[in-house]
Amino acid sequence: MDATFLMNSLWVMLGAILVIFMLGGFIMLEAGSTRMKNAGHIAGKTIFTFGLASLVFWAVGFGFIFGDNANFLVGLSNFFYSGAELEGLSLSSPVFFVFQLAFAGIAITIALGGFAERAKLSVYLIFTILFSAIVYPVVAHWIWGGGWLAEHGKQDFAGSTVVHLTGAMAALAATILLKPRIGKFNKDGSANNIYGHNQVYTALGVLILWVGWFGFNAGSTLSVEDGFFGFVALNTNLAAGAGAVAALIISWMVMGKSDVPTMLNGALAGLVAITASCAFVDTWASVVIGLVAGILVFYSVRFFEKRKIDDPIYALSVHGAAGIWGTLSTGFFATPELATVGKPGLFYGGGFEQLGVQFMGVAVSGLYAFAVSFIILAVAKKLMGGLRVTEEEEIMGLDLSEHGSYGYPEVFMAEENKRLSS
Amino acid sequence: MDATFLMNSLWVMLGAILVIFMLGGFIMLEAGSTRMKNAGHIAGKTIFTFGLASLVFWAVGFGFIFGDNANFLVGLSNFFYSGAELEGLSLSSPVFFVFQLAFAGIAITIALGGFAERAKLSVYLIFTILFSAIVYPVVAHWIWGGGWLAEHGKQDFAGSTVVHLTGAMAALAATILLKPRIGKFNKDGSANNIYGHNQVYTALGVLILWVGWFGFNAGSTLSVEDGFFGFVALNTNLAAGAGAVAALIISWMVMGKSDVPTMLNGALAGLVAITASCAFVDTWASVVIGLVAGILVFYSVRFFEKRKIDDPIYALSVHGAAGIWGTLSTGFFATPELATVGKPGLFYGGGFEQLGVQFMGVAVSGLYAFAVSFIILAVAKKLMGGLRVTEEEEIMGLDLSEHGSYGYPEVFMAEENKRLSS
Amino acid sequence: MDATFLMNSLWVMLGAILVIFMLGGFIMLEAGSTRMKNAGHIAGKTIFTFGLASLVFWAVGFGFIFGDNANFLVGLSNFFYSGAELEGLSLSSPVFFVFQLAFAGIAITIALGGFAERAKLSVYLIFTILFSAIVYPVVAHWIWGGGWLAEHGKQDFAGSTVVHLTGAMAALAATILLKPRIGKFNKDGSANNIYGHNQVYTALGVLILWVGWFGFNAGSTLSVEDGFFGFVALNTNLAAGAGAVAALIISWMVMGKSDVPTMLNGALAGLVAITASCAFVDTWASVVIGLVAGILVFYSVRFFEKRKIDDPIYALSVHGAAGIWGTLSTGFFATPELATVGKPGLFYGGGFEQLGVQFMGVAVSGLYAFAVSFIILAVAKKLMGGLRVTEEEEIMGLDLSEHGSYGYPEVFMAEENKRLSS
């Protein structure tokens with residue numbers, strides 16, 4: 001068997017494993033960013049939603065993205081994928097499948113960030129199924145499955161739009177329909193801080209995501225050709241570093257102190273932003289893209305808070321705002337040598353053409369993901385008697401209300417025991 | 001040098017690293033599933049027992065499994081392995097060694113799950129040495145080292161029997177001899193919940209195990225040939241997802257609420273079950289195997305609890321019951337195309353033959369592991385004046401009794417300070 | 001393209017990813033080894049210092065180490081590295097760059113261990129920039145970049161000196177200038193235990209480091225040739241295991257109980273020590289090197305404590321003392337077959353020659369790293385009005401003083417609320 005085929009398979013398998021490991025990053029990031037009474041729920045739901053999304057993706061999602069006989073929306077073959085060889089790949093087909101499955105798992109996980117600390121467990125199940133079946137696959141088909149945006153030369157190397165923006169727009173739909181958490185906003189419209197309970201978790205989560213992103217971005221080469229994946233990894237790392245540094249500095253300058261979650265968001269924003277462009281831009285541009293992302297995420301968080309949109313895990317800013325910026329950035333920075341898809345960017349004499357394609361891709365994909373997610377959740381809200389746990393349950397915490405046991409029993413039961421005995 | 005040899009080496013090296021990373025999953029799973037007063041001990045002992053098992057495996061374990069001049073029980077060469085080239089491998093011999101060492105490390109870690117929250121530190125040392133020298137290597141030799149079960153065509157691709165069942169049977173011996181933890185069972189025979197202290201740890205642990213399992217199962221191809229490892233990884237992921245979903249649903253149906261640990265156990269049970277069969281069955285069968293495992297683990301936990309067997313980390317159910325089911329499942333689902341070892345299963349016209357071999361393998365291996373572990377521990381109990389810390393020490397916690405310092409000093413010393421000052 | 005080139009690239013890319021993952025190990029190790037009030041700070045700073053170090057290394061660090069037109073101190077090309085192909089490599093140049101960047105990130109992280117629980121945030125920024133620009137690159141150039149120690153045949157396969165000792169000497173400079181933490185030493189010179197707050201974090205951190213070390217050491221082959229990386233990984237694992245076992249036993253013998261942090265330090269010391277020698281020594285020698293390291297680290301911690309040097313994360317003992325031992329150990333144990341750099345060791349008839357080179361390398365590198373770090377920090381102390389937060393801030397904790405929010409808000413704000421309401 002051809003050595004290149006095998007090496008490609010090996011590399012993309014490693015990529016898939018790293019992307020699945022990113023779920024561990026989300027477990028820690030999300031648990032750390034929310035309160036103790038919801039921690040077991042938040043951490044545990046990442047496991048079963050990925051499990052469920054895996055089954056849905058196997059049954060229909062993959063076929064919708066990459067199947068033959070495609071219509072405008074989706075492809076239509078390879079359902080209940082058997083592991084059979086697919087045409088046109090220069091790597092093991094099941095490896096390609098697992099890599100794609102991992103991406104779908106990340107997209108739903110980002111989306112569910114918008115549900116945090118108030119949605120019913122049953123809503124997670126319903127939305128995971130429908131998002132993984134008809135939201136994510138459509139956008140992915142358009143851009144990566146040979147759909148109409150691919151034909152327009154839309155550049156989105158590893159998914160600033162396909163994965164991050166799509167997830168963030170679903171999170172936006174959810175957060176609008178769910179309404180803010182109790183206590184987040186005051187009657188006068190001002191916002192309260194609802195602090196996440198564990199910054200060590202958050203930091204570890206971000207580091208795991210950073211590491212996993214090498215699979216996400218560099219794995220998206222789908223090939224070991226020329227060792228080019230190393231260049232993609234380099235750009236990825238530089239943007240992450242720049243994002244962290246920029247967020248640290250801007251928050252220090254504006255607030256007088258630099259808080260840890262903001263700086264961590266900067267690193268993530270750099271990673272999200274470089275995801276579209278990592279294979280198309282020079283190293284200096286990666287630094288610039290990361291720096292802008294780090295500043296952007298700081299202001300984006302303030303923007304949403306002012307609009308009374310409650311975004312507990314910053315999904316809208318980190319994956320949405322930075323996802324948009326990242327997608328547009330290739331329209332500025334894509335170089336003639338590296339732009340193997342689409343055209344070079346504005347700064348390299350490519351004019352506004354690619355920027356226009358990028359903008360259209362963002363707008364249409366974002367709109368689709370938002371609208372369909374909104375409809376799904378609005379219907380569910382009607383049929384299920386609401387998306388949200390009761391006020392009493394929310395105050396009690398979702399660990400107890402949705403799962404019947406505390407995530408931190410010794411903390412809460414000690415308090416309970418004290419209360420009972422006093 | 002031959003490119004395939006090098007690629008095989010690279011792939012299996014990655015597999016070994018992932019399997020060793022699974023120890024991090026066990027650290028978090030076990031610490032999260034037990035109480036705060038034992039957390040430092042539980043987490044820390046995983047490191048030194050792996051260290052000790054590594055030395056024992058290097059000294060004798062590997063030679064017993066794969067050495068030449070084998071008798072009925074074990075092989076007899078390659079002790080204190082020097083890194084020398086071994087015959088018959090198409091990958092780097094030291095890579096193969098490290099991969100095998102990692103498996104031995106997982107087996108002892110599973111076994112020690114049965115000791116949780118009550119065994120003396122010295123017992124961990126003794127049992128780690130003897131299990132790694134004479135329990136695990138014998139079963140591994142029989143099935144993977146060319147022993148008599150291999151000659152019968154026993155199918156156990158990555159170790160549902162060799163690793164998981166063997167570990168679980170040792171845990172069973174331990175849990176019987178150690179007796180239940182103080183407070184687990186009431187005088188009327190009813191059981192109390194002793195909640196693990198941190199579900200975030202548990203969830204992260206399960207995710208790490210899930211990720212590591214790609215090394216465990218797909219790495220067991222020992223080869224990059226045809227990119228087949230991707231198919232193994234796909235089956236592995238599907239079974240894990242199915243296990244999580246099944247456990248979630250069955251516990252919801254039966255209990256009215258789905259608790260997080262049960263759902264996490266479902267994912268693990270899916271992984272354990274598919275370990276034997278991941279290379280031999282179709283993707284749909286992997287889903288079925290995972291679903292059954294998820295349901296099985298739920299009922300198994302209740303079964304052991306009713307029998308007044310205290311299994312703090314669910315080793316008996318997750319690794320034992322699911323390990324048995326996984327081993328038997330190939331007797332049902334192994335396809336004619338994929339069954340490169342043994343015969344096709346019952347559902348593919350293979351009749352009961354392979355099922356019989358699988359059953360025999362489970363019975364003999366399980367019995368051997370249980371009996372020898374039981375004897376080791378019974379003798380140790382006699383010689384060491386008991387396996388268990390005193391009642392006072394157990395109540396105080398093993399962090400303090402066995403190591404002299406708290407795992408969470410600020411939590412416990414704050415309480416202590418309060419008690420002293422009131 | 002040549003398959004070996006691609007396989008080398010793939011292997012070293014995996015190595016780089018694993019080394020960057022080690023930062024997650026440091027996050028957990030350091031957070032676990034310090035107090036709750038500093039946890040968010042300690043965890044978070046690892047992210048932004050790595051981000052900042054990445055940018056500095058990209059701008060100048062790499063060029064100083066490996067650039068052309070070298071003078072005695074550094075090379076002078078490849079600044080603001082573009083991803084261009086470098087001469088003399090048989091792997092992808094950007095992959096090599098990312099691998100080297102990861103090492104620089106580990107070095108600064110080790111160094112900053114000496115700043116724990118008392119340095120100002122601004123000092124982290126300044127020192128990260130200068131250490132990554134002019135401390136680490138010089139030593140790395142001397143030994144790995146073709147500098148004068150390389151010409152003398154200095155053996156340091158993966159950086160016991162270049163990374164660990166350099167980091168530890170910077171930590172020593174910092175800890176001397178910063179002075180001990182409040183409450184560490186009594187007026188009579190005796191030391192108090194300032195317990196780290198979470199041993200589960202510490203254990204997970206050590207396991208992640210252990211796993212990452214396969215990238216660190218075996219990745220340093222920079223090649224898949226002969227599958228030799230497997231042998232390096234084997235030696236690495238044996239030394240880690242031996243270190244853990246030795247530290248467990250020596251602390252048990254001396255103290256009557258074996259505490260978890262000591263045993264974990266033993267594993268790390270084994271890993272640090274084998275870093276220099278992993279490619280040059282036999283497997284039995286790896287075991288010996290690890291055993292000695294495990295004992296050494298136990299006594300080293302006591303030595304520094306007696307000298308009233310406060311080393312919160314044991315950087316001086318784990319990375320310093322074990323780094324020196326590891327570097328010297330090749331002078332004893334390097335075999336004629338494996339010593340591809342330098343000469344065989346004393347025990348293989350090589351006489352004292354190699355030992356002398358190793359000693360000189362340790363002395364000069366350690367002195368350089370200490371002296372320049374000391375000067376940087378002494379100047380910074382003058383210019384910045386001190387390196388250390390105020391006494392009040394230190395007692396309050398750096399999470400609040402340096403970042404304006406608690407790492408564990410529910411713990412501290414609950415206490416605050418109680419205090420306010422009583």
# chains A, B, ... in the order shown; residues from 1 in each chain; ligands from 1
>>> residues_around(residues="range 344-350 of chain C", least_positions_apart="3", cutoff="8 Å", atoms="only C-alpha atoms", output="CSV table (one decimal) with C-alpha atoms, in the first residue's frame")
chain,number,residue,atom,x,y,z
C,330,THR,CA,25.8,10.2,31.0
C,331,GLY,CA,29.4,10.7,32.0
C,332,PHE,CA,29.0,7.5,34.0
C,333,PHE,CA,26.6,5.4,31.9
C,334,ALA,CA,26.9,6.4,28.2
C,335,THR,CA,27.7,3.2,26.3
C,336,PRO,CA,30.1,2.9,23.4
C,339,ALA,CA,27.1,7.6,22.6
C,353,GLU,CA,36.8,12.7,30.0
C,354,GLN,CA,33.1,12.8,29.2
C,355,LEU,CA,32.3,13.3,32.9
>>> closest_atom_pairs(of="chain B", to="chain C", cutoff="8 Å", atoms="only C-alpha atoms", output="JSON lines")
{"residue": "B:Met1", "atom": "CA", "partner": "C:Asp226", "partner_atom": "CA", "distance": 6.8}
{"residue": "B:Ala3", "atom": "CA", "partner": "C:Ala3", "partner_atom": "CA", "distance": 7.0}
{"residue": "B:Leu6", "atom": "CA", "partner": "C:Gly227", "partner_atom": "CA", "distance": 6.0}
{"residue": "B:Met7", "atom": "CA", "partner": "C:Met7", "partner_atom": "CA", "distance": 7.3}
{"residue": "B:Ser9", "atom": "CA", "partner": "C:Gly227", "partner_atom": "CA", "distance": 6.1}
{"residue": "B:Leu10", "atom": "CA", "partner": "C:Trp11", "partner_atom": "CA", "distance": 7.0}
{"residue": "B:Met13", "atom": "CA", "partner": "C:Gly230", "partner_atom": "CA", "distance": 6.9}
{"residue": "B:Ile17", "atom": "CA", "partner": "C:Val211", "partner_atom": "CA", "distance": 6.3}
{"residue": "B:Ile20", "atom": "CA", "partner": "C:Val211", "partner_atom": "CA", "distance": 6.8}
{"residue": "B:Phe21", "atom": "CA", "partner": "C:Val211", "partner_atom": "CA", "distance": 6.1}
{"residue": "B:Leu23", "atom": "CA", "partner": "C:Leu207", "partner_atom": "CA", "distance": 7.4}
{"residue": "B:Gly24", "atom": "CA", "partner": "C:Leu204", "partner_atom": "CA", "distance": 5.9}
{"residue": "B:Ile27", "atom": "CA", "partner": "C:Leu204", "partner_atom": "CA", "distance": 6.7}
{"residue": "B:Met28", "atom": "CA", "partner": "C:Leu204", "partner_atom": "CA", "distance": 7.4}
{"residue": "B:Ala31", "atom": "CA", "partner": "C:Val200", "partner_atom": "CA", "distance": 7.1}
{"residue": "B:Ala39", "atom": "CA", "partner": "C:Val200", "partner_atom": "CA", "distance": 6.4}
{"residue": "B:Gly40", "atom": "CA", "partner": "C:Gln199", "partner_atom": "CA", "distance": 4.9}
{"residue": "B:His41", "atom": "CA", "partner": "C:Val260", "partner_atom": "CA", "distance": 7.0}
{"residue": "B:Ala43", "atom": "CA", "partner": "C:Val200", "partner_atom": "CA", "distance": 5.5}
{"residue": "B:Gly44", "atom": "CA", "partner": "C:Ala203", "partner_atom": "CA", "distance": 5.5}
{"residue": "B:Ile47", "atom": "CA", "partner": "C:Leu207", "partner_atom": "CA", "distance": 7.0}
{"residue": "B:Phe48", "atom": "CA", "partner": "C:Ala244", "partner_atom": "CA", "distance": 5.6}
{"residue": "B:Phe50", "atom": "CA", "partner": "C:Gly241", "partner_atom": "CA", "distance": 6.9}
{"residue": "B:Gly51", "atom": "CA", "partner": "C:Gly241", "partner_atom": "CA", "distance": 3.4}
{"residue": "B:Leu52", "atom": "CA", "partner": "C:Gly241", "partner_atom": "CA", "distance": 6.0}
{"residue": "B:Ser54", "atom": "CA", "partner": "C:Gly241", "partner_atom": "CA", "distance": 6.3}
{"residue": "B:Leu55", "atom": "CA", "partner": "C:Leu238", "partner_atom": "CA", "distance": 6.5}
{"residue": "B:Phe80", "atom": "CA", "partner": "C:Trp284", "partner_atom": "CA", "distance": 7.6}
{"residue": "B:Tyr81", "atom": "CA", "partner": "C:Thr283", "partner_atom": "CA", "distance": 7.4}
{"residue": "B:Ser82", "atom": "CA", "partner": "C:Thr283", "partner_atom": "CA", "distance": 5.7}
{"residue": "B:Gly83", "atom": "CA", "partner": "C:Phe231", "partner_atom": "CA", "distance": 6.2}
{"residue": "B:Leu91", "atom": "CA", "partner": "C:Gly227", "partner_atom": "CA", "distance": 7.6}
{"residue": "B:Ser92", "atom": "CA", "partner": "C:Gly227", "partner_atom": "CA", "distance": 5.1}
{"residue": "B:Ser93", "atom": "CA", "partner": "C:Gly230", "partner_atom": "CA", "distance": 7.6}
{"residue": "B:Pro94", "atom": "CA", "partner": "C:Gly230", "partner_atom": "CA", "distance": 5.0}
{"residue": "B:Val95", "atom": "CA", "partner": "C:Gly230", "partner_atom": "CA", "distance": 4.4}
{"residue": "B:Phe97", "atom": "CA", "partner": "C:Leu234", "partner_atom": "CA", "distance": 7.8}
{"residue": "B:Val98", "atom": "CA", "partner": "C:Leu234", "partner_atom": "CA", "distance": 6.0}
{"residue": "B:Glu402", "atom": "CA", "partner": "C:Lys257", "partner_atom": "CA", "distance": 6.8}
{"residue": "B:His403", "atom": "CA", "partner": "C:Asp259", "partner_atom": "CA", "distance": 4.5}
{"residue": "B:Gly404", "atom": "CA", "partner": "C:Asp259", "partner_atom": "CA", "distance": 6.2}
{"residue": "B:Ser405", "atom": "CA", "partner": "C:Asp259", "partner_atom": "CA", "distance": 6.6}
{"residue": "B:Gly407", "atom": "CA", "partner": "C:Gln199", "partner_atom": "CA", "distance": 4.8}
{"residue": "B:Tyr408", "atom": "CA", "partner": "C:Asn198", "partner_atom": "CA", "distance": 5.0}
{"residue": "B:Pro409", "atom": "CA", "partner": "C:His197", "partner_atom": "CA", "distance": 5.7}
{"residue": "B:Glu410", "atom": "CA", "partner": "C:His197", "partner_atom": "CA", "distance": 6.0}
>>> residues_around(residues="range 173-183 of chain B", least_positions_apart="5", cutoff="6 Å", atoms="only C-alpha atoms", output="ChimeraX atom specification")
/B:114,310,370,374
>>> atom_distance(atom1="CA of Met360 in chain C", atom2="CA of Leu296 in chain C")
20.8 Å
>>> atom_distance(atom1="CA of Gly294 in chain C", atom2="CA of Asn265 in chain C")
7.5 Å
